[in-house]
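K.L.:
Starting off with a structure, shown below.
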Amino acid sequence: MSLDVSPALLEQAERGEVDEAAFVDCVRNSLPYAWEMISSLVAQLKVDGGEFADNQTPPPNEQARGQLLRALASDAIRGALQRHFGVRLAFQNCHRVAVFPMDASADQRLARFTSVRGQLLNQSPELRDC
């Protein structure tokens with residue numbers, strides 16, 4: 001799944017440095033399901049507090065799943081989203097996205113979430129094809 005890059009943004013990239021806000025806007029417009037998922041988790045974390053907020057509901061279709069994979073598998077996109085929202089992102093399976101605060105208060109929980117043990121405990125037969 002590719003980003004829908006405007007001619008102006010592509011021209012900016014060809015000239016050199018890209019305005020990160022313009023890149024984030026491109027991601028928002030190109031990957032609306034992923035954007036909404038992350039935005040809602042950030043809002044949940046702010047409202048509820050705690051160590052993290054996560055989604056455990058599978059995407060409604062393969063296009064939505066592809067958007068999550070695209071957003072979180074790309075270092076550039078993931079990094080831009082983390083900076084934009086002021087959170088750390090973590091990802092398990094094909095849909096379990098989690099947001100963690102930037103401060104050290106969630107370091108241990110993030111380490112558990114992203115550990116080999118955490119990955120294994122998050123498996124189920126229903127997720128084998130995702």
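By convention here, the chains of the structure tokens are called A, B, ... in the order presented, each chain's residues are numbered starting at 1, and ligands are numbered starting at 1 in the order presented.
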Leaving out Gly49 (chain A) and any residue of its chain fewer than 6 positions from it, which residues lie within 12 Å of it when counting only C-alpha atoms, given as a PyMOL selection string?

P.N.:
chain A and resi 41-43+99-101+105-106

K.L.:
Would you give me, as a VMD selection string, the residues in chain A that DSSP reads as alpha helix (DSSP H)?

P.N.:
chain A and resid 7 to 15 20 to 30 32 to 48 62 to 73 75 to 85 107 to 113 116 to 121

K.L.:
Please compute the CA of Gln82 (chain A)-CA of Ala104 (chain A) distance, one decimal, in Å.

P.N.:
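So the answer is 15.1 Å.
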
K.L.:
What's around Ala53 (chain A) at 12 Å? Count only C-alpha atoms, leave out sequence neighbours fewer than 4 positions away in its own chain, and write the answer as a PDB file with N, CA and C atoms, in the first residue's frame.

P.N.:
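Final output, saved to result24.pdb:
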ATOM      1  N   MET A  37      -7.247   4.780  13.991  1.00  0.00           N
ATOM      2  CA  MET A  37      -6.916   3.825  15.052  1.00  0.00           C
ATOM      3  C   MET A  37      -5.921   4.455  16.030  1.00  0.00           C
ATOM      4  N   ILE A  38      -4.848   5.011  15.518  1.00  0.00           N
ATOM      5  CA  ILE A  38      -3.820   5.594  16.381  1.00  0.00           C
ATOM      6  C   ILE A  38      -4.360   6.825  17.099  1.00  0.00           C
ATOM      7  N   SER A  39      -5.090   7.675  16.396  1.00  0.00           N
ATOM      8  CA  SER A  39      -5.678   8.876  17.016  1.00  0.00           C
ATOM      9  C   SER A  39      -6.589   8.511  18.179  1.00  0.00           C
ATOM     10  N   SER A  40      -7.423   7.500  17.973  1.00  0.00           N
ATOM     11  CA  SER A  40      -8.359   7.110  19.036  1.00  0.00           C
ATOM     12  C   SER A  40      -7.629   6.514  20.232  1.00  0.00           C
ATOM     13  N   LEU A  41      -6.562   5.779  19.978  1.00  0.00           N
ATOM     14  CA  LEU A  41      -5.784   5.225  21.088  1.00  0.00           C
ATOM     15  C   LEU A  41      -5.060   6.323  21.862  1.00  0.00           C
ATOM     16  N   VAL A  42      -4.558   7.324  21.155  1.00  0.00           N
ATOM     17  CA  VAL A  42      -3.905   8.459  21.823  1.00  0.00           C
ATOM     18  C   VAL A  42      -4.926   9.181  22.703  1.00  0.00           C
ATOM     19  N   ALA A  43      -6.130   9.407  22.180  1.00  0.00           N
ATOM     20  CA  ALA A  43      -7.181  10.059  22.963  1.00  0.00           C
ATOM     21  C   ALA A  43      -7.554   9.217  24.173  1.00  0.00           C
ATOM     22  N   GLN A  44      -7.656   7.906  23.982  1.00  0.00           N
ATOM     23  CA  GLN A  44      -7.976   7.001  25.093  1.00  0.00           C
ATOM     24  C   GLN A  44      -6.907   7.065  26.172  1.00  0.00           C
ATOM     25  N   LEU A  45      -5.644   7.077  25.760  1.00  0.00           N
ATOM     26  CA  LEU A  45      -4.549   7.156  26.728  1.00  0.00           C
ATOM     27  C   LEU A  45      -4.613   8.458  27.518  1.00  0.00           C
ATOM     28  N   LYS A  46      -4.915   9.555  26.837  1.00  0.00           N
ATOM     29  CA  LYS A  46      -4.997  10.852  27.521  1.00  0.00           C
ATOM     30  C   LYS A  46      -6.168  10.895  28.497  1.00  0.00           C
ATOM     31  N   VAL A  47      -7.289  10.331  28.118  1.00  0.00           N
ATOM     32  CA  VAL A  47      -8.486  10.359  28.972  1.00  0.00           C
ATOM     33  C   VAL A  47      -8.359   9.380  30.135  1.00  0.00           C
ATOM     34  N   ASP A  48      -7.956   8.152  29.824  1.00  0.00           N
ATOM     35  CA  ASP A  48      -7.911   7.106  30.845  1.00  0.00           C
ATOM     36  C   ASP A  48      -6.627   7.112  31.657  1.00  0.00           C
ATOM     37  N   GLY A  49      -5.555   7.664  31.099  1.00  0.00           N
ATOM     38  CA  GLY A  49      -4.266   7.594  31.774  1.00  0.00           C
ATOM     39  C   GLY A  49      -3.738   6.175  31.706  1.00  0.00           C
ATOM     40  N   VAL A  87       3.838  10.024  21.372  1.00  0.00           N
ATOM     41  CA  VAL A  87       3.726   8.715  22.000  1.00  0.00           C
ATOM     42  C   VAL A  87       4.736   7.760  21.370  1.00  0.00           C
ATOM     43  N   ARG A  88       4.865   6.608  21.999  1.00  0.00           N
ATOM     44  CA  ARG A  88       5.633   5.517  21.407  1.00  0.00           C
ATOM     45  C   ARG A  88       4.618   4.484  20.930  1.00  0.00           C
ATOM     46  N   LEU A  89       4.812   3.959  19.741  1.00  0.00           N
ATOM     47  CA  LEU A  89       3.907   2.976  19.163  1.00  0.00           C
ATOM     48  C   LEU A  89       4.500   1.581  19.267  1.00  0.00           C
ATOM     49  N   ALA A  90       3.650   0.615  19.500  1.00  0.00           N
ATOM     50  CA  ALA A  90       4.058  -0.786  19.505  1.00  0.00           C
ATOM     51  C   ALA A  90       3.016  -1.559  18.707  1.00  0.00           C
ATOM     52  N   PHE A  91       3.418  -2.707  18.167  1.00  0.00           N
ATOM     53  CA  PHE A  91       2.557  -3.444  17.249  1.00  0.00           C
ATOM     54  C   PHE A  91       2.766  -4.934  17.435  1.00  0.00           C
ATOM     55  N   ARG A  96      -2.966  -5.522  16.621  1.00  0.00           N
ATOM     56  CA  ARG A  96      -2.855  -5.033  18.002  1.00  0.00           C
ATOM     57  C   ARG A  96      -1.855  -3.886  18.075  1.00  0.00           C
ATOM     58  N   VAL A  97      -2.387  -2.691  17.945  1.00  0.00           N
ATOM     59  CA  VAL A  97      -1.607  -1.468  18.038  1.00  0.00           C
ATOM     60  C   VAL A  97      -1.710  -0.956  19.462  1.00  0.00           C
ATOM     61  N   ALA A  98      -0.613  -0.472  20.005  1.00  0.00           N
ATOM     62  CA  ALA A  98      -0.631   0.107  21.345  1.00  0.00           C
ATOM     63  C   ALA A  98       0.138   1.420  21.333  1.00  0.00           C
ATOM     64  N   VAL A  99      -0.318   2.352  22.154  1.00  0.00           N
ATOM     65  CA  VAL A  99       0.387   3.621  22.328  1.00  0.00           C
ATOM     66  C   VAL A  99       0.829   3.718  23.781  1.00  0.00           C
ATOM     67  N   PHE A 100       2.049   4.184  23.948  1.00  0.00           N
ATOM     68  CA  PHE A 100       2.660   4.335  25.260  1.00  0.00           C
ATOM     69  C   PHE A 100       3.130   5.777  25.405  1.00  0.00           C
ATOM     70  N   PRO A 101       3.090   6.318  26.626  1.00  0.00           N
ATOM     71  CA  PRO A 101       3.618   7.671  26.832  1.00  0.00           C
ATOM     72  C   PRO A 101       5.105   7.725  26.483  1.00  0.00           C
ATOM     73  N   ALA A 106       6.273   4.286  31.439  1.00  0.00           N
ATOM     74  CA  ALA A 106       5.741   3.083  30.801  1.00  0.00           C
ATOM     75  C   ALA A 106       6.837   2.175  30.232  1.00  0.00           C
ATOM     76  N   ARG A 109       6.390  -1.584  31.007  1.00  0.00           N
ATOM     77  CA  ARG A 109       5.219  -2.153  30.333  1.00  0.00           C
ATOM     78  C   ARG A 109       5.479  -2.273  28.830  1.00  0.00           C
ATOM     79  N   LEU A 110       6.100  -1.274  28.238  1.00  0.00           N
ATOM     80  CA  LEU A 110       6.448  -1.334  26.813  1.00  0.00           C
ATOM     81  C   LEU A 110       7.401  -2.496  26.554  1.00  0.00           C
ATOM     82  N   PHE A 113       5.379  -5.638  26.623  1.00  0.00           N
ATOM     83  CA  PHE A 113       4.510  -5.715  25.444  1.00  0.00           C
ATOM     84  C   PHE A 113       5.291  -6.137  24.208  1.00  0.00           C
TER      85      PHE A 113
END

K.L.:
Could you check how far CA of Tyr33 (chain A) sits from CA of Leu69 (chain A), in Å to one decimal?

P.N.:
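It comes out at 11.0 Å.
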
K.L.:
Pick out the residues sitting within 12 Å of Val27 (chain A), and hand them over as number ranges by chain; count only C-alpha atoms, and ignore anything fewer than 2 positions along from it in its own chain.

P.N.:
A: 1-6, 9, 20-25, 29-36, 38, 67-68, 70-72, 74, 76-81, 84

K.L.:
Could those residues be written to a file, using C-alpha atoms, as a PDB file, in the first residue's frame?

P.N.:
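Okay, part-v5.pdb is ready:
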ATOM      1  CA  MET A   1       0.000   0.000   0.000  1.00  0.00           C
ATOM      2  CA  SER A   2       1.530   3.225  -1.151  1.00  0.00           C
ATOM      3  CA  LEU A   3       1.039   6.730   0.138  1.00  0.00           C
ATOM      4  CA  ASP A   4      -0.951   9.117  -2.041  1.00  0.00           C
ATOM      5  CA  VAL A   5       1.812  11.704  -2.465  1.00  0.00           C
ATOM      6  CA  SER A   6       0.826  15.045  -3.992  1.00  0.00           C
ATOM      7  CA  LEU A   9       5.130  17.030  -1.711  1.00  0.00           C
ATOM      8  CA  GLU A  20       7.239  16.792   8.449  1.00  0.00           C
ATOM      9  CA  ALA A  21       3.783  18.313   8.966  1.00  0.00           C
ATOM     10  CA  ALA A  22       3.135  17.903   5.233  1.00  0.00           C
ATOM     11  CA  PHE A  23       4.343  14.298   5.425  1.00  0.00           C
ATOM     12  CA  VAL A  24       2.080  13.595   8.406  1.00  0.00           C
ATOM     13  CA  ASP A  25      -0.839  15.117   6.495  1.00  0.00           C
ATOM     14  CA  ASN A  29      -4.995  11.244   4.010  1.00  0.00           C
ATOM     15  CA  SER A  30      -3.440   8.061   2.601  1.00  0.00           C
ATOM     16  CA  LEU A  31      -3.986   5.748   5.564  1.00  0.00           C
ATOM     17  CA  PRO A  32      -7.262   6.894   7.171  1.00  0.00           C
ATOM     18  CA  TYR A  33      -7.986   3.651   9.021  1.00  0.00           C
ATOM     19  CA  ALA A  34      -4.516   3.550  10.581  1.00  0.00           C
ATOM     20  CA  TRP A  35      -4.708   7.269  11.390  1.00  0.00           C
ATOM     21  CA  GLU A  36      -8.086   6.888  13.107  1.00  0.00           C
ATOM     22  CA  ILE A  38      -3.820   5.594  16.381  1.00  0.00           C
ATOM     23  CA  GLN A  67      -2.980   0.397   6.271  1.00  0.00           C
ATOM     24  CA  LEU A  68      -1.921  -0.646   9.771  1.00  0.00           C
ATOM     25  CA  ARG A  70       2.058   0.135   6.155  1.00  0.00           C
ATOM     26  CA  ALA A  71       1.954   2.712   8.929  1.00  0.00           C
ATOM     27  CA  LEU A  72       3.759   0.622  11.507  1.00  0.00           C
ATOM     28  CA  SER A  74       7.697   1.954   7.820  1.00  0.00           C
ATOM     29  CA  ALA A  76       9.655   6.965   8.492  1.00  0.00           C
ATOM     30  CA  ILE A  77       5.877   6.792   8.930  1.00  0.00           C
ATOM     31  CA  ARG A  78       6.029   5.272  12.396  1.00  0.00           C
ATOM     32  CA  GLY A  79       8.593   7.823  13.559  1.00  0.00           C
ATOM     33  CA  ALA A  80       6.599  10.741  12.162  1.00  0.00           C
ATOM     34  CA  LEU A  81       3.428   9.484  13.851  1.00  0.00           C
ATOM     35  CA  HIS A  84       3.248  14.039  15.868  1.00  0.00           C
TER      36      HIS A  84
END

K.L.:
Rounded to one decimal, what separation in Å do you get between CA of Glu62 (chain A) and CA of Gln92 (chain A)?

P.N.:
16.4 Å

K.L.:
Identify, with DSSP run on backbone atoms, the residues in chain A assigned to strand (DSSP E or B), and express the list as a compact mmCIF listing (two decimals) with N, CA, C and O atoms, in the first residue's frame.

P.N.:
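Wrote selection28.txt, looks like this:
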# COMPACT_ATOMS: atom_id res chain seq x y z
N ALA A 53 -2.52 2.31 25.97
CA ALA A 53 -3.84 2.03 25.41
C ALA A 53 -3.62 1.17 24.18
O ALA A 53 -2.68 1.41 23.42
N ASP A 54 -4.47 0.17 24.00
CA ASP A 54 -4.28 -0.71 22.84
C ASP A 54 -5.60 -1.12 22.21
O ASP A 54 -6.66 -0.99 22.81
N VAL A 87 3.84 10.02 21.37
CA VAL A 87 3.73 8.71 22.00
C VAL A 87 4.74 7.76 21.37
O VAL A 87 5.35 8.07 20.35
N ARG A 88 4.87 6.61 22.00
CA ARG A 88 5.63 5.52 21.41
C ARG A 88 4.62 4.48 20.93
O ARG A 88 3.66 4.17 21.64
N LEU A 89 4.81 3.96 19.74
CA LEU A 89 3.91 2.98 19.16
C LEU A 89 4.50 1.58 19.27
O LEU A 89 5.71 1.41 19.12
N ALA A 90 3.65 0.62 19.50
CA ALA A 90 4.06 -0.79 19.50
C ALA A 90 3.02 -1.56 18.71
O ALA A 90 1.87 -1.14 18.59
N PHE A 91 3.42 -2.71 18.17
CA PHE A 91 2.56 -3.44 17.25
C PHE A 91 2.77 -4.93 17.44
O PHE A 91 3.91 -5.40 17.48
N GLN A 92 1.67 -5.68 17.56
CA GLN A 92 1.72 -7.13 17.62
C GLN A 92 0.73 -7.69 16.62
O GLN A 92 -0.32 -7.09 16.38
N ARG A 96 -2.97 -5.52 16.62
CA ARG A 96 -2.85 -5.03 18.00
C ARG A 96 -1.86 -3.89 18.08
O ARG A 96 -0.65 -4.08 18.24
N VAL A 97 -2.39 -2.69 17.95
CA VAL A 97 -1.61 -1.47 18.04
C VAL A 97 -1.71 -0.96 19.46
O VAL A 97 -2.79 -1.00 20.06
N ALA A 98 -0.61 -0.47 20.01
CA ALA A 98 -0.63 0.11 21.35
C ALA A 98 0.14 1.42 21.33
O ALA A 98 1.09 1.58 20.58
N VAL A 99 -0.32 2.35 22.15
CA VAL A 99 0.39 3.62 22.33
C VAL A 99 0.83 3.72 23.78
O VAL A 99 0.09 3.37 24.69
N PHE A 100 2.05 4.18 23.95
CA PHE A 100 2.66 4.34 25.26
C PHE A 100 3.13 5.78 25.40
O PHE A 100 3.58 6.38 24.43
N PRO A 101 3.09 6.32 26.63
CA PRO A 101 3.62 7.67 26.83
C PRO A 101 5.11 7.72 26.48
O PRO A 101 5.80 6.71 26.54
